[in-house]
Amino acid sequence: MKIIQSSNVRLGAAFSGQDPTKLGKAVSGDKLRVAIKNAFVRLIDLTIAEKADLLILAGDTFDSPDISQNLLDFFLDQIRRLDKIPAVVLPGARDPYQKSSFWEEWQILLPAENLYLLTDHEKATIEIPGLSATIYGFPIMADQEHENPAKKIKRYGKSTNHIAVLYGNLIHDGDSKHGDYSFSQKDLTAGGFDYAALGGQDGLLDLTAVGIKAAYSGSPETLSSDSTASGNCLIITLDNDLLAVEPKQVGSLTWKEVTVSMEEAVDIDGLKSKISELSGPDVILKATLEGLALFDSGFNVPQLQNEIKGNFLDLEFVDRTKVLPDISEIKVQEKTILGQYLKVMVERLKKAEGAQHLELEESLKTGYTLLTGKEIW
């Protein structure tokens, strides 16, 4: 039996309240939402190409239970592409089962013949005809206690394959501090399942290496620079007592951070070349510029960003360059207009602080460039 496993897809994610110190703070939510949908399409493509027997979505398929009809139609269109391949979906903490939600509507009137929902809070099993498989799992319910989902289910019956679908946090055995929907390794083995598809984590975690028949697939798309183990789904192969877990990349986004010294870049063309080496249509880059930005460079960060940002999905510059090595040591020819300008600016820079100092530095770059007869780059 071959299973494609995914979780934490997060269709419809809002991406509000992003940490301004993190990479990607400026990435538009629209770009990330498109990337999520594209990753989900590739997940369905893979399920079809692998001729899988089953697709499991182990929680947080949607970012909330309040989803637009257009997005629900998109999801259902993709599920119907699977034709006769069953798709089992478990509500997670982001998209919990609640009254008057689309989950309740779907439970009453199933919108696709191959869609199976683990939405019954009283009956934890689904029997899938033709697969000799029993799927176990209770949905995350809105406004209810965050209890251990693994302790509520246990293997029974004569199916060939017994598969648990669990959403929650894996803790160490004996850990006294339990988070939401926590379960331990001992809980996973106590159920006696052939495999447990786990959801609720952004990153891949394969527990078969330590003798536990369970794994987190992580999110199919990498949605932040911190989620280094995401962007995958899992291909699970069950053959009697044999179990194989194979990660498969379906995400396309690449998050990069780089610090560039202006001394290393030499000139503007050198800087542009260094940044462009990291480019790509799915690359989100945060480039921090440090060091001395010489007057003669006519360096302008916004213009550089506008010129090359089309080579990236998103490009962010953090300008930490300095205009002068040490203001107190600057000597100027006071009889020239340029000298008079520099003298005034140097005195003002000595007294300036914070944002005003940064504004004066930027003004000094522009003024020096113009007064020396150069074009602002």
# chains A, B, ... in the order shown; residues from 1 in each chain; ligands from 1
$ residues_around --residues "segment 207-217 of chain A" --least-positions-apart "5" --cutoff "9 Å" --atoms "only C-alpha atoms" --output "ChimeraX atom specification"
/A:5-8,58,164,185,188-189,193-202,230-234,243-245,247
$ select_by_dssp --residues "segment 14-234 of chain A" --states "alpha helix (DSSP H)" --output "PyMOL selection string"
chain A and resi 29-49+69-81+102-108+185-190
$ select_by_dssp --residues "segment 61-210 of chain A" --states "strand (DSSP E or B)" --output "ChimeraX atom specification"
/A:62,87-90,97,115-117,125-128,133-136,141,161-167,169-171,182-184,195-199,205-206
$ closest_residue --among "A:Arg42, A:Lys272, A:His121, A:Lys31" --to "Leu90 of chain A" --atoms "only C-alpha atoms"
A:His121
$ residues_around --residues "Trp103 of chain A" --least-positions-apart "6" --cutoff "10 Å" --atoms "only C-alpha atoms" --output "list in words"
Pro65, Pro91, Asp95, Pro96, Tyr97, Leu109, Leu110, Leu117, Leu118 and Thr119 of chain A
$ closest_residue --among "A:Leu304, A:Ile235, A:Ala93, A:Ala355" --to "Val250 of chain A" --atoms "only C-alpha atoms"
A:Ile235
